[in-house]
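One structure below.
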Amino acid sequence: MTSISERLQAVKSRLRQAETEAGRAPESVTLIAVSKTQPADAIREAHAAGQYAFGENYLQESLEKMAALADLPLKWHFIGPIQSNKTRPIAENFAWVHGVDRLKIAQRLSDARPAGLPPLNICIEVNVSGEESKGGVEPNEVQALADAIAQLPGLKLRGLMAIPAPTNDIALQRQQFRMLRELLESLKQRGLALDTLSMGMSEDFPAAIAEGATIVRIGTAIFGPRIRIQPPGNPK
Ligand SMILES: *Cc1c(COP(=O)(O)O)cnc(C)c1O
């Protein structure tokens with residue numbers, strides 16, 4: 001069996017290779033290890049192999065793991081769907097939230113962000129696949145939401161995030177990632193100081209890096225298959 005440490009090193013070398021092929025600077029892409037459903041010990045093992053940033057989808061599960069891992073200097077990213085009655089613990093415990101697609105949620109996160117912490121880093125989720133069932137704001141609504149979120153004092157709007165429709169067709173993968181990059185560029189042209197494209201998962205991260213991803217969120221390629229049945233009502 002391959003260890004978490006070995007798989008992490010393999011992912012990192014593929015990531016560095018994708019950077020090189022895209023003509024991008026080494027280490028210009030940040031790796032978030034998506035540890036949802038994985039036990040705290042798996043996170044400890046990844047940290048021992050040099051990983052600091054972790055992504056979690058389920059609030060209760062992540063708070064338990066944070067408590068078990070409080071001795072480690074980890075950076076936590078909330079990447080799951082956000083319920084409005086969960087905004088306070090999210091604002092209190094995470095450094096980043098990817099997947100904001102409503103102003104009301106952003107306002108609640110801003111209000112709940114403790115004054116002693118730096119502003120909460122935010123990515124707006126965009127529906128780049130056109131699937132109606134998907135989370136994320138429609139592309140034509142991104143500008144208005146970005147302008148409003150940029151005003152909120154407890155938040156720092158960093159950029160955009162997407163979960164494209166899964167496909168093995170590299171051209172289709174790139175098309176969806178390119179849409180997100182072009183949206184980010186249009187926001188920057190309007191004067192917003194944004195620096196983040198959070199896109200790319202285990203099956204499509206090389207295409208995301210070719211299209212300018214600055215953060216990739218990778219789970220199964222590092223930790224192996226997820227080991228618990230998901231709670232009903234939550235995607236993936
Ligand atoms: C689960 C998840 C990932 C990681 O997916 P893998 O295919 O396991 O790499 C990335 N982003 C989000 C939002 C997720 O929910």
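How things are named: the first chain in the structure tokens is A, the next is B, and so on; residues count from 1 in each chain; ligands count from 1 in the order shown.
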>> Give me, as a ChimeraX atom specification, the set of residues whose atoms come within 9 Å of any atom of ligand 1, counting only C-alpha atoms and all ligand atoms.
In response: /A:32-36,55-57,78-81,98-99,161-163,198-205,216-226,235-236
> Within 7 Å of segment 119-121 of chain A, counting only C-alpha atoms, which residues qualify if same-chain residues fewer than 5 places away don't, as a PyMOL selection string?
Replying inline: chain A and resi 91+95-97+113+154-158
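Minimum distance to Ser129 of chain A across A:Ala40, A:Leu180, A:Leu59, A:Met66 (counting only C-alpha atoms) occurs at A:Leu180.
The interatomic distance for the pair atom CA of Leu152 of chain A and atom CA of Glu132 of chain A works out to 28.5 Å.
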For Leu184 of chain A, list every protein, DNA or RNA residue within 9 Å, evaluated using only C-alpha atoms, and leave out those in the same chain fewer than 3 positions away; present the list as a compact mmCIF listing (two decimals) with all heavy atoms, in the first residue's frame.
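part02.txt written:
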# COMPACT_ATOMS: atom_id res chain seq x y z
N GLY A 159 -10.75 36.08 -4.55
CA GLY A 159 -10.92 35.67 -5.94
C GLY A 159 -12.10 34.76 -6.13
O GLY A 159 -13.11 34.89 -5.45
N LEU A 160 -11.95 33.82 -7.06
CA LEU A 160 -13.07 32.98 -7.50
C LEU A 160 -12.73 31.50 -7.34
O LEU A 160 -11.58 31.10 -7.38
CB LEU A 160 -13.40 33.27 -8.97
CG LEU A 160 -13.75 34.72 -9.31
CD1 LEU A 160 -13.99 34.86 -10.82
CD2 LEU A 160 -14.96 35.21 -8.52
N MET A 179 -13.10 29.98 -18.34
CA MET A 179 -14.20 30.91 -18.03
C MET A 179 -13.96 31.57 -16.68
O MET A 179 -14.13 32.78 -16.52
CB MET A 179 -15.54 30.17 -18.03
CG MET A 179 -16.70 31.08 -17.67
SD MET A 179 -18.24 30.20 -17.37
CE MET A 179 -18.72 29.80 -19.02
N LEU A 180 -13.51 30.79 -15.70
CA LEU A 180 -13.28 31.37 -14.37
C LEU A 180 -12.12 32.38 -14.41
O LEU A 180 -12.20 33.45 -13.82
CB LEU A 180 -12.98 30.25 -13.36
CG LEU A 180 -13.20 30.66 -11.90
CD1 LEU A 180 -14.69 30.86 -11.62
CD2 LEU A 180 -12.62 29.65 -10.92
N ARG A 181 -11.06 32.02 -15.15
CA ARG A 181 -9.93 32.95 -15.25
C ARG A 181 -10.36 34.26 -15.90
O ARG A 181 -10.00 35.35 -15.45
CB ARG A 181 -8.78 32.31 -16.05
CG ARG A 181 -7.70 33.32 -16.39
CD ARG A 181 -6.40 32.68 -16.85
NE ARG A 181 -6.52 31.78 -17.98
CZ ARG A 181 -6.61 32.17 -19.24
NH1 ARG A 181 -6.64 33.46 -19.55
NH2 ARG A 181 -6.70 31.28 -20.21
N LEU A 187 -12.92 41.18 -13.31
CA LEU A 187 -13.08 41.84 -11.99
C LEU A 187 -11.86 42.68 -11.66
O LEU A 187 -11.96 43.79 -11.13
CB LEU A 187 -13.28 40.80 -10.90
CG LEU A 187 -14.57 39.97 -10.93
CD1 LEU A 187 -14.56 38.93 -9.82
CD2 LEU A 187 -15.79 40.86 -10.81
N LYS A 188 -10.67 42.16 -12.01
CA LYS A 188 -9.44 42.91 -11.71
C LYS A 188 -9.40 44.20 -12.53
O LYS A 188 -8.96 45.24 -12.04
CB LYS A 188 -8.21 42.04 -11.99
CG LYS A 188 -8.01 40.97 -10.92
CD LYS A 188 -7.08 39.86 -11.34
CE LYS A 188 -5.63 40.27 -11.32
NZ LYS A 188 -4.76 39.09 -11.52
N GLN A 189 -9.89 44.12 -13.77
CA GLN A 189 -9.91 45.32 -14.61
C GLN A 189 -10.82 46.39 -14.02
O GLN A 189 -10.61 47.57 -14.25
CB GLN A 189 -10.37 44.97 -16.02
CG GLN A 189 -9.22 44.55 -16.90
CD GLN A 189 -9.67 43.88 -18.18
OE1 GLN A 189 -10.84 43.96 -18.54
NE2 GLN A 189 -8.74 43.21 -18.84
N LEU A 194 -7.62 41.30 -6.64
CA LEU A 194 -7.84 39.87 -6.43
C LEU A 194 -6.62 39.09 -6.92
O LEU A 194 -5.96 39.49 -7.87
CB LEU A 194 -9.08 39.42 -7.20
CG LEU A 194 -10.36 40.21 -6.87
CD1 LEU A 194 -11.52 39.73 -7.73
CD2 LEU A 194 -10.69 40.11 -5.40
N ASP A 195 -6.35 37.96 -6.25
CA ASP A 195 -5.15 37.19 -6.63
C ASP A 195 -5.37 35.68 -6.65
O ASP A 195 -4.41 34.94 -6.77
CB ASP A 195 -3.99 37.52 -5.67
CG ASP A 195 -4.33 37.21 -4.21
OD1 ASP A 195 -5.35 36.54 -3.95
OD2 ASP A 195 -3.56 37.63 -3.33
N THR A 196 -6.63 35.23 -6.53
CA THR A 196 -6.83 33.79 -6.32
C THR A 196 -7.82 33.17 -7.30
O THR A 196 -8.93 33.67 -7.48
CB THR A 196 -7.34 33.54 -4.88
OG1 THR A 196 -6.37 34.06 -3.96
CG2 THR A 196 -7.53 32.06 -4.62
N LEU A 197 -7.38 32.07 -7.91
CA LEU A 197 -8.27 31.20 -8.69
C LEU A 197 -8.21 29.83 -8.03
O LEU A 197 -7.21 29.12 -8.16
CB LEU A 197 -7.80 31.09 -10.13
CG LEU A 197 -8.23 32.17 -11.11
CD1 LEU A 197 -7.55 31.93 -12.47
CD2 LEU A 197 -9.74 32.21 -11.28
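Here atom CA of Thr30 of chain A and atom CA of Arg14 of chain A stand 12.9 Å from one another.
Distance check against Lys65 of chain A using only C-alpha atoms: of A:Thr167, A:Thr37, A:Thr2, A:Thr214, the minimum falls on A:Thr37.
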> Can you list every residue in chain A that DSSP puts in strand (DSSP E), as a PyMOL selection string?
Replying inline: chain A and resi 30-34+53-56+75-78+96-100+120-125+155-161+196-198+215-218
>> Considering only alpha helix (DSSP H) as DSSP defines it on the backbone, what residues of segment 17-172 of chain A qualify? List them as JSON, numbers by chain.
In response: {"A": [17, 18, 19, 20, 21, 40, 41, 42, 43, 44, 45, 46, 47, 48, 59, 60, 61, 62, 63, 64, 65, 66, 67, 68, 87, 88, 89, 90, 91, 92, 93, 103, 104, 105, 106, 107, 108, 109, 110, 111, 112, 142, 143, 144, 145, 146, 147, 148, 149, 170, 171, 172]}
